[in-house]
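Reproduced below: final_21.tsv, with TSV, C-alpha atoms (C1' of nucleotides).
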```tsv
chain	number	residue	atom	x	y	z
A	1	MET	CA	16.72	-24.29	-44.04
A	2	ARG	CA	19.99	-24.71	-42.15
A	3	LEU	CA	20.79	-25.22	-38.54
A	4	SER	CA	22.86	-22.52	-36.95
A	5	THR	CA	26.18	-23.40	-35.39
A	6	LYS	CA	24.39	-23.63	-32.07
A	7	GLY	CA	22.67	-26.83	-33.07
A	8	GLN	CA	25.73	-28.23	-34.78
A	9	TYR	CA	28.22	-27.39	-32.05
A	10	GLY	CA	25.78	-28.32	-29.32
A	11	LEU	CA	25.13	-31.74	-30.77
A	12	ARG	CA	28.82	-32.43	-31.29
A	13	ALA	CA	29.56	-31.46	-27.71
A	14	VAL	CA	26.79	-33.62	-26.31
A	15	VAL	CA	27.89	-36.58	-28.42
A	16	ASP	CA	31.36	-36.03	-27.03
A	17	LEU	CA	29.92	-36.31	-23.53
A	18	ALA	CA	27.88	-39.34	-24.53
A	19	ASP	CA	31.04	-41.04	-25.71
A	20	ARG	CA	32.37	-40.71	-22.18
A	21	TYR	CA	29.17	-41.37	-20.28
A	22	GLY	CA	29.87	-42.85	-16.86
A	23	GLN	CA	33.40	-41.47	-16.65
A	24	GLY	CA	32.55	-38.56	-14.38
A	25	PRO	CA	32.41	-34.89	-15.27
A	26	ILE	CA	34.31	-33.67	-18.32
A	27	PRO	CA	35.65	-30.12	-18.16
A	28	LEU	CA	34.41	-27.87	-20.90
A	29	ASN	CA	37.80	-26.89	-22.24
A	30	THR	CA	38.66	-30.46	-23.20
A	31	VAL	CA	35.38	-30.79	-25.08
A	32	ALA	CA	35.94	-27.45	-26.75
A	33	GLN	CA	39.44	-28.48	-27.81
A	34	ARG	CA	38.44	-31.89	-29.09
A	35	GLU	CA	35.54	-30.48	-31.06
A	36	ASP	CA	37.34	-27.33	-32.09
A	37	ILE	CA	34.75	-24.92	-30.74
A	38	SER	CA	35.29	-21.64	-28.91
A	39	GLU	CA	35.13	-22.47	-25.22
A	40	HIS	CA	33.23	-19.37	-24.19
A	41	TYR	CA	30.69	-19.83	-26.91
A	42	LEU	CA	30.20	-23.47	-26.06
A	43	GLU	CA	29.68	-22.44	-22.46
A	44	GLN	CA	26.57	-20.55	-23.48
A	45	LEU	CA	25.19	-23.58	-25.27
A	46	MET	CA	25.91	-25.86	-22.34
A	47	SER	CA	24.13	-23.43	-20.08
A	48	GLN	CA	21.00	-23.83	-22.14
A	49	LEU	CA	21.36	-27.59	-22.20
A	50	ARG	CA	21.80	-27.66	-18.44
A	51	LYS	CA	18.69	-25.59	-17.83
A	52	ALA	CA	16.80	-27.95	-20.13
A	53	GLY	CA	17.90	-30.97	-18.12
A	54	ILE	CA	20.03	-32.59	-20.78
A	55	VAL	CA	23.37	-32.21	-19.02
A	56	THR	CA	24.39	-31.59	-15.42
A	57	SER	CA	27.36	-29.63	-14.24
A	58	ILE	CA	29.73	-29.82	-11.31
A	59	ARG	CA	31.54	-26.66	-10.35
A	60	GLY	CA	35.01	-26.19	-9.02
A	61	ALA	CA	38.24	-28.00	-9.68
A	62	GLN	CA	37.76	-31.48	-11.15
A	63	GLY	CA	34.30	-30.35	-12.18
A	64	GLY	CA	32.76	-30.36	-15.61
A	65	TYR	CA	29.72	-31.53	-17.50
A	66	GLN	CA	28.07	-34.88	-17.98
A	67	LEU	CA	24.85	-36.19	-19.46
A	68	ALA	CA	21.88	-35.95	-17.13
A	69	ARG	CA	20.51	-39.26	-18.44
A	70	PRO	CA	21.85	-42.32	-20.27
A	71	PRO	CA	22.55	-41.73	-23.97
A	72	GLN	CA	19.74	-44.00	-25.12
A	73	GLU	CA	17.24	-41.80	-23.32
A	74	ILE	CA	18.18	-38.55	-25.03
A	75	THR	CA	16.93	-37.92	-28.54
A	76	ILE	CA	18.54	-35.60	-31.04
A	77	ALA	CA	15.22	-33.80	-31.34
A	78	GLU	CA	15.42	-32.82	-27.68
A	79	ILE	CA	18.86	-31.33	-28.07
A	80	ILE	CA	18.06	-29.43	-31.23
A	81	GLU	CA	14.84	-28.07	-29.79
A	82	VAL	CA	16.68	-26.64	-26.83
A	83	LEU	CA	19.23	-24.88	-29.00
A	84	GLU	CA	17.21	-23.96	-32.06
A	85	GLY	CA	13.60	-23.89	-30.92
A	86	PRO	CA	10.77	-26.05	-32.23
A	87	ILE	CA	11.61	-28.24	-35.19
A	88	VAL	CA	9.31	-26.72	-37.78
A	89	PRO	CA	10.08	-25.25	-41.19
A	90	VAL	CA	7.81	-22.21	-40.75
A	91	ASP	CA	6.75	-20.18	-37.76
A	92	CYS	CA	3.03	-20.50	-38.32
A	93	LEU	CA	3.27	-24.15	-37.27
A	94	ALA	CA	5.08	-23.30	-34.06
A	95	ASN	CA	2.81	-20.55	-32.81
A	96	GLU	CA	-0.36	-21.83	-31.18
A	97	ASP	CA	-2.48	-19.22	-32.89
A	98	GLY	CA	-1.08	-20.11	-36.29
A	99	CYS	CA	-1.01	-17.71	-39.18
A	100	ASN	CA	-4.10	-15.79	-40.15
A	101	ARG	CA	-4.18	-17.53	-43.51
A	102	SER	CA	-4.16	-21.05	-42.10
A	103	THR	CA	-7.61	-21.87	-43.34
A	104	ILE	CA	-6.86	-20.79	-46.87
A	105	CYS	CA	-3.20	-21.66	-47.23
A	106	ALA	CA	-2.44	-24.87	-49.08
A	107	ALA	CA	1.25	-24.40	-48.41
A	108	GLN	CA	0.70	-25.25	-44.79
A	109	SER	CA	-0.14	-28.83	-45.64
A	110	VAL	CA	3.29	-29.44	-47.09
A	111	TRP	CA	4.99	-27.70	-44.17
A	112	LYS	CA	3.08	-29.96	-41.81
A	113	LYS	CA	4.21	-33.06	-43.64
A	114	LEU	CA	7.76	-31.76	-43.60
A	115	ALA	CA	7.70	-31.01	-39.89
A	116	GLU	CA	6.42	-34.50	-39.22
A	117	ALA	CA	9.17	-36.11	-41.26
A	118	MET	CA	11.84	-34.05	-39.54
A	119	ASN	CA	10.55	-34.89	-36.09
A	120	ASP	CA	10.34	-38.55	-37.02
A	121	VAL	CA	14.02	-38.68	-37.88
A	122	LEU	CA	15.32	-36.58	-35.02
A	123	GLY	CA	12.93	-38.01	-32.46
A	124	SER	CA	13.83	-41.59	-33.23
A	125	THR	CA	17.59	-41.11	-33.12
A	126	THR	CA	19.26	-41.10	-29.72
A	127	LEU	CA	22.72	-40.23	-28.50
A	128	ALA	CA	23.34	-43.95	-28.12
A	129	ASP	CA	22.93	-44.31	-31.88
A	130	LEU	CA	25.58	-41.68	-32.47
A	131	VAL	CA	27.93	-43.21	-29.93
A	132	GLU	CA	27.60	-46.43	-31.87
A	133	GLU	CA	28.21	-44.58	-35.11
A	134	ASN	CA	31.34	-43.09	-33.61
A	135	GLN	CA	32.54	-46.57	-32.70
A	136	ARG	CA	31.92	-47.69	-36.24
A	137	LEU	CA	33.84	-44.73	-37.66
A	138	ARG	CA	36.77	-45.34	-35.37
A	139	ASN	CA	36.96	-48.96	-36.40
A	140	LYS	CA	36.73	-48.09	-40.05
A	141	ASN	CA	39.58	-45.64	-39.66
A	142	GLY	CA	41.67	-48.23	-37.86
A	143	ASP	CA	41.90	-45.69	-35.11
A	144	PHE	CA	41.34	-47.86	-32.07
A	145	MET	CA	40.97	-46.35	-28.66
A	146	TYR	CA	42.47	-47.97	-25.64
A	147	TYR	CA	40.83	-47.29	-22.32
A	148	ILE	CA	42.77	-47.84	-19.13
B	149	MET	CA	15.74	-24.64	-38.92
B	150	ARG	CA	13.25	-22.28	-40.53
B	151	LEU	CA	12.66	-21.24	-44.08
B	152	SER	CA	13.09	-17.57	-44.75
B	153	THR	CA	10.22	-15.58	-46.16
B	154	LYS	CA	11.71	-16.15	-49.60
B	155	GLY	CA	10.71	-19.78	-49.55
B	156	GLN	CA	7.37	-19.12	-47.98
B	157	TYR	CA	6.37	-16.20	-50.18
B	158	GLY	CA	7.79	-17.83	-53.26
B	159	LEU	CA	5.85	-21.02	-52.77
B	160	ARG	CA	2.63	-19.15	-52.07
B	161	ALA	CA	3.07	-17.11	-55.22
B	162	VAL	CA	3.78	-20.14	-57.36
B	163	VAL	CA	0.79	-21.98	-55.93
B	164	ASP	CA	-1.24	-18.93	-56.80
B	165	LEU	CA	-0.04	-19.27	-60.39
B	166	ALA	CA	-0.68	-22.99	-60.35
B	167	ASP	CA	-4.27	-22.36	-59.32
B	168	ARG	CA	-4.67	-20.38	-62.52
B	169	TYR	CA	-2.57	-22.52	-64.81
B	170	GLY	CA	-3.77	-22.26	-68.42
B	171	GLN	CA	-5.41	-18.89	-67.95
B	172	GLY	CA	-2.63	-16.86	-69.52
B	173	PRO	CA	-0.14	-14.61	-67.79
B	174	ILE	CA	-1.02	-13.22	-64.35
B	175	PRO	CA	0.40	-9.80	-63.53
B	176	LEU	CA	2.57	-9.71	-60.47
B	177	ASN	CA	0.61	-7.06	-58.63
B	178	THR	CA	-2.49	-9.22	-58.47
B	179	VAL	CA	-0.50	-12.11	-57.04
B	180	ALA	CA	1.17	-9.77	-54.56
B	181	GLN	CA	-2.19	-8.41	-53.46
B	182	ARG	CA	-3.86	-11.79	-53.13
B	183	GLU	CA	-0.97	-13.22	-51.17
B	184	ASP	CA	-0.28	-10.04	-49.24
B	185	ILE	CA	3.37	-9.78	-50.22
B	186	SER	CA	5.37	-6.67	-51.13
B	187	GLU	CA	5.24	-6.47	-54.91
B	188	HIS	CA	8.82	-5.35	-55.37
B	189	TYR	CA	10.14	-8.01	-53.06
B	190	LEU	CA	8.13	-10.69	-54.81
B	191	GLU	CA	9.56	-9.46	-58.07
B	192	GLN	CA	13.01	-10.47	-56.93
B	193	LEU	CA	11.80	-13.94	-56.09
B	194	MET	CA	10.02	-14.35	-59.40
B	195	SER	CA	13.17	-13.29	-61.17
B	196	GLN	CA	15.02	-16.19	-59.56
B	197	LEU	CA	12.21	-18.58	-60.38
B	198	ARG	CA	12.19	-17.43	-63.97
B	199	LYS	CA	15.92	-17.92	-64.37
B	200	ALA	CA	15.51	-21.39	-62.91
B	201	GLY	CA	12.87	-22.29	-65.47
B	202	ILE	CA	9.96	-22.62	-63.09
B	203	VAL	CA	7.94	-19.71	-64.39
B	204	THR	CA	7.94	-17.73	-67.63
B	205	SER	CA	7.17	-14.07	-68.01
B	206	ILE	CA	5.58	-11.92	-70.65
B	207	ARG	CA	6.48	-8.27	-70.65
B	208	GLY	CA	4.37	-5.27	-71.48
B	209	ALA	CA	0.71	-4.53	-70.94
B	210	GLN	CA	-1.40	-7.66	-70.40
B	211	GLY	CA	1.79	-9.42	-69.49
B	212	GLY	CA	2.60	-11.30	-66.34
B	213	TYR	CA	3.88	-14.62	-65.08
B	214	GLN	CA	2.80	-18.18	-65.58
B	215	LEU	CA	4.14	-21.62	-64.78
B	216	ALA	CA	6.70	-22.87	-67.25
B	217	ARG	CA	5.37	-26.43	-66.94
B	218	PRO	CA	2.14	-28.11	-65.77
B	219	PRO	CA	1.68	-28.10	-61.98
B	220	GLN	CA	2.10	-31.86	-61.66
B	221	GLU	CA	5.59	-31.57	-63.13
B	222	ILE	CA	6.91	-29.08	-60.61
B	223	THR	CA	7.92	-30.32	-57.18
B	224	ILE	CA	8.05	-28.21	-54.06
B	225	ALA	CA	11.68	-29.24	-53.65
B	226	GLU	CA	12.55	-27.54	-56.93
B	227	ILE	CA	10.98	-24.28	-55.86
B	228	ILE	CA	12.54	-24.25	-52.42
B	229	GLU	CA	15.95	-25.11	-53.80
B	230	VAL	CA	15.86	-22.14	-56.13
B	231	LEU	CA	14.94	-19.73	-53.36
B	232	GLU	CA	16.77	-21.18	-50.38
B	233	GLY	CA	19.57	-23.26	-51.81
B	234	PRO	CA	20.07	-27.01	-51.33
B	235	ILE	CA	17.68	-28.68	-48.92
B	236	VAL	CA	20.15	-29.79	-46.28
B	237	PRO	CA	20.27	-29.08	-42.56
B	238	VAL	CA	24.00	-28.36	-42.47
B	239	ASP	CA	26.45	-26.92	-44.96
B	240	CYS	CA	28.91	-29.78	-44.85
B	241	LEU	CA	26.38	-31.92	-46.73
B	242	ALA	CA	25.91	-29.32	-49.44
B	243	ASN	CA	29.55	-28.61	-50.22
B	244	GLU	CA	31.18	-31.23	-52.37
B	245	ASP	CA	34.32	-31.22	-50.29
B	246	GLY	CA	32.36	-31.71	-47.12
B	247	CYS	CA	33.67	-30.72	-43.73
B	248	ASN	CA	37.13	-31.67	-42.63
B	249	ARG	CA	35.71	-33.76	-39.82
B	250	SER	CA	33.46	-35.85	-42.03
B	251	THR	CA	35.31	-39.09	-41.38
B	252	ILE	CA	35.17	-38.66	-37.65
B	253	CYS	CA	31.86	-36.90	-37.14
B	254	ALA	CA	28.98	-39.09	-36.05
B	255	ALA	CA	26.64	-36.13	-36.22
B	256	GLN	CA	26.83	-36.24	-39.99
B	257	SER	CA	24.94	-39.52	-40.11
B	258	VAL	CA	21.88	-37.98	-38.52
B	259	TRP	CA	22.07	-34.92	-40.76
B	260	LYS	CA	22.17	-37.21	-43.76
B	261	LYS	CA	19.09	-39.06	-42.65
B	262	LEU	CA	17.36	-35.77	-42.02
B	263	ALA	CA	18.26	-34.39	-45.44
B	264	GLU	CA	16.94	-37.53	-47.05
B	265	ALA	CA	13.63	-37.32	-45.20
B	266	MET	CA	13.21	-33.67	-46.13
B	267	ASN	CA	13.93	-34.28	-49.77
B	268	ASP	CA	11.53	-37.22	-49.78
B	269	VAL	CA	8.66	-35.05	-48.65
B	270	LEU	CA	9.39	-32.01	-50.76
B	271	GLY	CA	10.45	-33.99	-53.80
B	272	SER	CA	7.29	-36.10	-53.84
B	273	THR	CA	4.86	-33.21	-53.47
B	274	THR	CA	3.97	-31.25	-56.59
B	275	LEU	CA	2.14	-28.04	-57.23
B	276	ALA	CA	-0.79	-30.14	-58.44
B	277	ASP	CA	-1.09	-31.56	-54.93
B	278	LEU	CA	-1.32	-28.09	-53.48
B	279	VAL	CA	-3.83	-26.96	-56.08
B	280	GLU	CA	-5.95	-29.91	-55.02
B	281	GLU	CA	-5.47	-28.98	-51.38
B	282	ASN	CA	-6.62	-25.47	-52.17
B	283	GLN	CA	-9.72	-26.87	-53.79
B	284	ARG	CA	-10.39	-28.91	-50.70
B	285	LEU	CA	-9.93	-25.91	-48.43
B	286	ARG	CA	-12.26	-23.80	-50.52
B	287	ASN	CA	-14.96	-26.46	-50.40
B	288	LYS	CA	-14.58	-26.88	-46.68
B	289	ASN	CA	-14.98	-23.16	-46.18
B	290	GLY	CA	-18.10	-23.10	-48.36
B	291	ASP	CA	-16.26	-20.51	-50.38
B	292	PHE	CA	-17.02	-21.62	-53.90
B	293	MET	CA	-15.43	-19.92	-56.84
B	294	TYR	CA	-17.34	-19.21	-59.99
B	295	TYR	CA	-15.37	-18.94	-63.19
B	296	ILE	CA	-16.84	-17.12	-66.17
C	297	DT	C1'	1.58	7.31	-77.59
C	298	DT	C1'	0.54	5.90	-73.31
C	299	DA	C1'	-0.35	2.83	-69.68
C	300	DA	C1'	0.74	-1.55	-68.00
C	301	DT	C1'	3.94	-4.56	-67.16
C	302	DC	C1'	8.42	-6.92	-66.51
C	303	DC	C1'	13.59	-6.11	-65.60
C	304	DC	C1'	17.56	-4.70	-62.99
C	305	DA	C1'	20.81	-2.76	-59.77
C	306	DA	C1'	21.65	-0.34	-55.79
C	307	DC	C1'	20.61	1.01	-51.26
C	308	DC	C1'	18.93	0.58	-46.56
C	309	DT	C1'	17.32	-0.88	-41.89
C	310	DT	C1'	16.72	-4.39	-38.57
C	311	DT	C1'	17.64	-8.76	-36.74
C	312	DT	C1'	20.39	-12.66	-36.04
C	313	DT	C1'	24.65	-14.96	-35.67
C	314	DA	C1'	28.70	-16.05	-33.64
C	315	DC	C1'	31.39	-14.77	-31.03
C	316	DT	C1'	34.57	-12.04	-27.25
C	317	DC	C1'	35.35	-9.90	-22.68
C	318	DG	C1'	35.47	-9.41	-17.89
C	319	DG	C1'	34.49	-10.76	-13.75
C	320	DG	C1'	32.10	-13.51	-9.93
C	321	DA	C1'	30.97	-17.96	-7.38
C	322	DT	C1'	32.39	-22.80	-6.14
C	323	DT	C1'	35.05	-26.48	-5.06
C	324	DC	C1'	39.03	-29.54	-4.88
C	325	DC	C1'	43.80	-30.14	-3.53
C	326	DG	C1'	48.02	-29.54	-1.30
D	327	DC	C1'	43.99	-21.84	4.38
D	328	DG	C1'	45.27	-20.38	-0.36
D	329	DG	C1'	45.30	-20.95	-5.01
D	330	DA	C1'	44.11	-23.13	-9.19
D	331	DA	C1'	40.51	-25.15	-11.77
D	332	DT	C1'	36.11	-24.94	-12.94
D	333	DC	C1'	31.41	-23.38	-13.87
D	334	DC	C1'	28.21	-19.12	-14.08
D	335	DC	C1'	26.51	-14.82	-15.91
D	336	DG	C1'	25.66	-10.54	-18.34
D	337	DA	C1'	27.25	-7.23	-21.59
D	338	DG	C1'	29.41	-5.80	-25.76
D	339	DT	C1'	30.41	-6.30	-30.74
D	340	DA	C1'	31.54	-7.12	-35.68
D	341	DA	C1'	29.84	-9.33	-39.63
D	342	DA	C1'	26.31	-11.40	-42.17
D	343	DA	C1'	21.66	-12.29	-43.47
D	344	DA	C1'	16.89	-11.00	-43.80
D	345	DG	C1'	13.55	-8.33	-45.57
D	346	DG	C1'	12.67	-5.14	-47.71
D	347	DT	C1'	12.58	-0.05	-50.56
D	348	DT	C1'	13.83	3.11	-54.34
D	349	DG	C1'	14.39	4.53	-58.83
D	350	DG	C1'	14.69	4.02	-63.33
D	351	DG	C1'	14.90	1.44	-67.86
D	352	DA	C1'	12.93	-1.83	-71.55
D	353	DT	C1'	8.74	-3.95	-73.81
D	354	DT	C1'	4.38	-4.43	-75.52
D	355	DA	C1'	-0.88	-4.22	-76.06
D	356	DA	C1'	-4.49	-1.13	-76.91
```
In structure tokens, how does this file's structure come out?
Amino acid sequence: MRLSTKGQYGLRAVVDLADRYGQGPIPLNTVAQREDISEHYLEQLMSQLRKAGIVTSIRGAQGGYQLARPPQEITIAEIIEVLEGPIVPVDCLANEDGCNRSTICAAQSVWKKLAEAMNDVLGSTTLADLVEENQRLRNKNGDFMYYI
Amino acid sequence: MRLSTKGQYGLRAVVDLADRYGQGPIPLNTVAQREDISEHYLEQLMSQLRKAGIVTSIRGAQGGYQLARPPQEITIAEIIEVLEGPIVPVDCLANEDGCNRSTICAAQSVWKKLAEAMNDVLGSTTLADLVEENQRLRNKNGDFMYYI
DNA sequence: TTAATCCCAACCTTTTTACTCGGGATTCCG
DNA sequence: CGGAATCCCGAGTAAAAAGGTTGGGATTAA
């Protein structure tokens, strides 16, 4: 019932990008350092996110990654789905064919309700919400950021 | 983001017992056969559920397992917690100490909301609800059961 | 006494996780 | 133009978790 580090790292990295949206491409090594994630490993996650259209990349010197869309248009559900697959507690909800017991399995009803609740939360939260949360945390910590 | 088979099998087995609550102990092999689960593997799960006070066992011939309490007093959350650990999407919510980034990590806010939603669903559904659902499914399938 | 049952610990195989490694392709900058 | 900074890609790998299996011991009803 846990996310793997892919989902956790991936979200942190994307929030990091969201925090700097509009400031041009951010090289991966700075994200990796700030978030304390292995750069090479993070690279693999970013590759998936790029192919899914969540971030874009610019190669070469002064290159890096940036969000493909404004933070308020990217939900957490989208990000997690890319990195962890469909947001469902059991496989038989994800596979079109379903499990062979679906017509006789009461358990499925509770898994359906659970899947719905999870998607509600993750689908209604956007990166903009987390950027705002970050702002709030920074203020609370008296750790103000000065932008030039 | 998926339950392991422990949670899935375990719930199915317990629902099976709930369906027969009040009929005395049910031997494990009949549950295993009905639910199509390896008997020895299921045994390990039942052992955990017994130690957690969800089922009781009676040894010897004519023995078996039964619910320790009426179905309406056992939530799905309880069962899943025994078999899968705390119902949280990330470890840093489960460990008392939390992660070392907790004061600066916006991601945690969304994981908290998610954990809450999951616990709401699983904590408000009881085995009685699933027994009822089973009844409904049986009726829909025209598969009536006759009890002697 | 015997068959049915639960109880327990150890072992095993496969898959997944969480990386690391090495090198190639682009692009900016001086 | 050359070199440094980047992203891109595929393979390899060690450790952990998943999903069991095996074998035997303890209890109890009939």
Once you count only C-alpha atoms (C1' of nucleotides), which residues of chain B turn out to be within 12 Å of chain C? Could you give them as a list in words?
Pro173, Ile174, Pro175, Leu176, Asn177, Thr178, His188, Glu191, Gln192, Met194, Ser195, Gln196, Arg198, Thr204, Ser205, Ile206, Arg207, Gly208, Ala209, Gln210, Gly211, Gly212 and Tyr213 of chain B
Dump as a PyMOL selection string the residues of chain A that approach chain B to within 10 Å, counting all atoms listed in the file.
chain A and resi 1-5+7-9+11-12+15-16+35+76+80-81+84-91+101-111+113-122+125-127+129-138+140-141
Once you count all atoms listed in the file, which residues of chain D turn out to be within 7 Å of chain B? Could you give them as a short mmCIF file (atom, residue, chain, number, x, y, z; two decimals) with C-alpha atoms (C1' of nucleotides), in the frame of the given file?
```cif
data_model
loop_
_atom_site.label_atom_id
_atom_site.label_comp_id
_atom_site.auth_asym_id
_atom_site.auth_seq_id
_atom_site.Cartn_x
_atom_site.Cartn_y
_atom_site.Cartn_z
"C1'" DG D 346 12.67 -5.14 -47.71
"C1'" DT D 353 8.74 -3.95 -73.81
"C1'" DT D 354 4.38 -4.43 -75.52
"C1'" DA D 355 -0.88 -4.22 -76.06
#
```
Between atom CA of A:Glu78 and atom CA of A:Ser124, what is the distance in Å, rounded to a tenth?
10.5 Å
Between atom CA of A:Pro71 and atom CA of A:Leu83, distance in Å (one decimal):
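We find that atom CA of A:Pro71 and atom CA of A:Leu83 lie 17.9 Å from each other.
What separates atom CA of B:Glu221 from atom CA of B:Ala276 is a distance of 8.0 Å.
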Of the residues A:Cys99, A:Leu67, A:Leu42, A:Ala94, which is the one nearest to A:Leu17, using all atoms listed in the file?
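Of all the options, A:Leu67 lies closest to A:Leu17.
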Shell of 9 Å around B:Gly170, all atoms listed in the file, local chain residues under 2 positions omitted, as a PDB file with C-alpha atoms, in the frame of the given file:
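Wrote result-v5.pdb, looks like this:
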```pdb
ATOM      1  CA  ALA B 166      -0.680 -22.990 -60.350  1.00  0.00           C
ATOM      2  CA  ARG B 168      -4.670 -20.380 -62.520  1.00  0.00           C
ATOM      3  CA  GLY B 172      -2.630 -16.860 -69.520  1.00  0.00           C
ATOM      4  CA  PRO B 173      -0.140 -14.610 -67.790  1.00  0.00           C
ATOM      5  CA  GLN B 214       2.800 -18.180 -65.580  1.00  0.00           C
ATOM      6  CA  LEU B 215       4.140 -21.620 -64.780  1.00  0.00           C
ATOM      7  CA  PRO B 218       2.140 -28.110 -65.770  1.00  0.00           C
TER       8      PRO B 218
END
```
Where is the centre and how long are the edges: axis-aligned box on stretch 315-319 of chain C, 5 Å on each side, Å to one decimal, as lines of an AutoDock Vina configuration file:
```
center_x = 33.4
center_y = -12.1
center_z = -22.4
size_x = 14.1
size_y = 15.4
size_z = 27.3
```
